[in-house]
There are 2 protein chains.
Amino acid sequence: MDMLTLLRQRGHRITRPRLAVLQALAEGPAHISAAEVLSEGRRTHPGLSKASVYRTLQLLETLGALRGIPSPEGRSFVRVAPGHHHLLCQGCGEVRDFSGCGLCDSWREVADEERFFVAGHLLEVFGLCSGCRSKREGETS
Amino acid sequence: MDMLTLLRQRGHRITRPRLAVLQALAEGPAHISAAEVLSEGRRTHPGLSKASVYRTLQLLETLGALRGIPSPEGRSFVRVAPGHHHLLCQGCGEVRDFSGCGLCDSWREVADEERFFVAGHLLEVFGLCSGCRSKREGETS
DNA sequence: TCGCTTGTTGATACTCGGTCTCAATAATAT
DNA sequence: ATATTATTGAGACCGAGTATCAACAAGCGA
Ligand SMILES: [Zn+2]
Ligand SMILES: [Zn+2]
Ligand SMILES: [Zn+2]
Ligand SMILES: [Zn+2]
């Protein structure tokens, strides 16, 4: 669902800072940090404050529209899409879509076997894309 | 391999602070934070410094003996065991061993399909254990 | 359209996990 | 035992994220 509509439906006010954050999320990269949202959001609302960015991101996360992914380089946010993960290249930073992780298909089995109610899972795959891989073949590691 | 042996084999010195960290890791919980390692390690080496704890944890991570898992509650460290993940209960904090994630078995397939060299993957499953699940059945959420 | 109500904002102080610096220390090799 | 140098500990420092609070403005009803 549209984040804007989601906010409205849940009774949250549509404000200039929130619109700036939404636009930054819409136009920014798939993985975006709070700092990037701030600087990007200031292009459409120069007075945008750090606090508002964090508050809005947190709100969107509790509404289920966004998910914060903790990573070695700091937290980044991605639009939530169940069964949708990412391949993160450690060489060039490319983010490639990736779906069909085995766990997505076997949630119920895992839940039953372990008597565990699975609310969700966080999966990030690290490695090297083909380009970066070939670049490193000549290196003396 | 034994962490102590690993350190020695790679030419790192065996020092009192490092032994304190190793012991804290051995005796502490499966998921342990840097702060916990510090306070626990000070039981065997009172003068243990914050910096040494972080340095040692970082060293062990680069040696592949340890893995830092970023989580909403801050980073925690676990002993590395390939194909070994955890079910994290959001109710009571219980950590249950979990193995056989579909991805572990299909690394090569994914790598080939996507022409992506997979160096590793981060998987954390969140939910509720059976105890916490039944506790919440009577709640008016 | 015009005020009210109150959710929201922005500036700033603050917290705290983690890193940096550097002189002092101690683990290893000879 | 001595020299070499990796490592340490104390504290300054950094930066992401949070708490505070008076000022503001989105929405709503008159
Ligand atoms: Zn790449
Ligand atoms: Zn999945
Ligand atoms: Zn539980
Ligand atoms: Zn796995």
# chains A, B, ... in the order shown; residues from 1 in each chain; ligands from 1
>>> residues_around(residues="DC14 of chain C", least_positions_apart="3", cutoff="10 Å", atoms="only C-alpha atoms (C1' of nucleotides)", output="list in words")
DT18, DA19 and DT20 of chain D
>>> interface_residues(of="chain A", to="chain D", cutoff="8 Å", atoms="only C-alpha atoms (C1' of nucleotides)", output="list in words")
Arg13, Ile14, Thr15 and Tyr54 of chain A
>>> interface_residues(of="chain A", to="chain C", cutoff="10 Å", atoms="only C-alpha atoms (C1' of nucleotides)", output="number ranges by chain")
A: 12-18, 47-52
>>> write_last_selection(atoms="C-alpha atoms", output="PDB file, in the first residue's frame")
ATOM      1  CA  HIS A  12      -1.361  10.268  11.311  1.00  0.00           C
ATOM      2  CA  ARG A  13      -1.041  13.801  10.043  1.00  0.00           C
ATOM      3  CA  ILE A  14       0.416  14.504   6.640  1.00  0.00           C
ATOM      4  CA  THR A  15       3.133  17.017   7.278  1.00  0.00           C
ATOM      5  CA  ARG A  16       5.826  18.638   5.232  1.00  0.00           C
ATOM      6  CA  PRO A  17       8.678  16.712   6.935  1.00  0.00           C
ATOM      7  CA  ARG A  18       6.887  13.405   6.429  1.00  0.00           C
ATOM      8  CA  GLY A  47      14.349  22.850   7.427  1.00  0.00           C
ATOM      9  CA  LEU A  48      13.982  19.093   7.900  1.00  0.00           C
ATOM     10  CA  SER A  49      15.405  18.024  11.234  1.00  0.00           C
ATOM     11  CA  LYS A  50      17.337  14.927  12.142  1.00  0.00           C
ATOM     12  CA  ALA A  51      14.816  14.074  14.836  1.00  0.00           C
ATOM     13  CA  SER A  52      11.898  14.142  12.419  1.00  0.00           C
TER      14      SER A  52
END
>>> closest_residue(among="B:His45, B:Arg8, B:Arg79, B:Arg67", to="chain A", atoms="only C-alpha atoms")
B:Arg67
>>> atom_distance(atom1="atom CA of Asp2 of chain A", atom2="atom CA of Leu38 of chain A")
20.7 Å
>>> select_by_dssp(residues="segment 33-86 of chain A", states="alpha helix (DSSP H)", output="list in words")
Ala34, Ala35, Glu36, Val37, Leu38, Ser39, Glu40, Gly41, Arg42, Arg43, Thr44, Lys50, Ala51, Ser52, Val53, Tyr54, Arg55, Thr56, Leu57, Gln58, Leu59, Leu60, Glu61 and Thr62 of chain A
>>> select_by_dssp(residues="segment 12-76 of chain A", states="strand (DSSP E or B)", output="ChimeraX atom specification")
/A:32,66-69,76
>>> closest_residue(among="B:Glu40, B:Thr5, B:Val80, B:Arg115", to="ligand 4", atoms="only C-alpha atoms and all ligand atoms")
B:Val80
>>> atom_distance(atom1="atom CA of Ser33 of chain B", atom2="atom CA of Leu66 of chain B")
12.1 Å
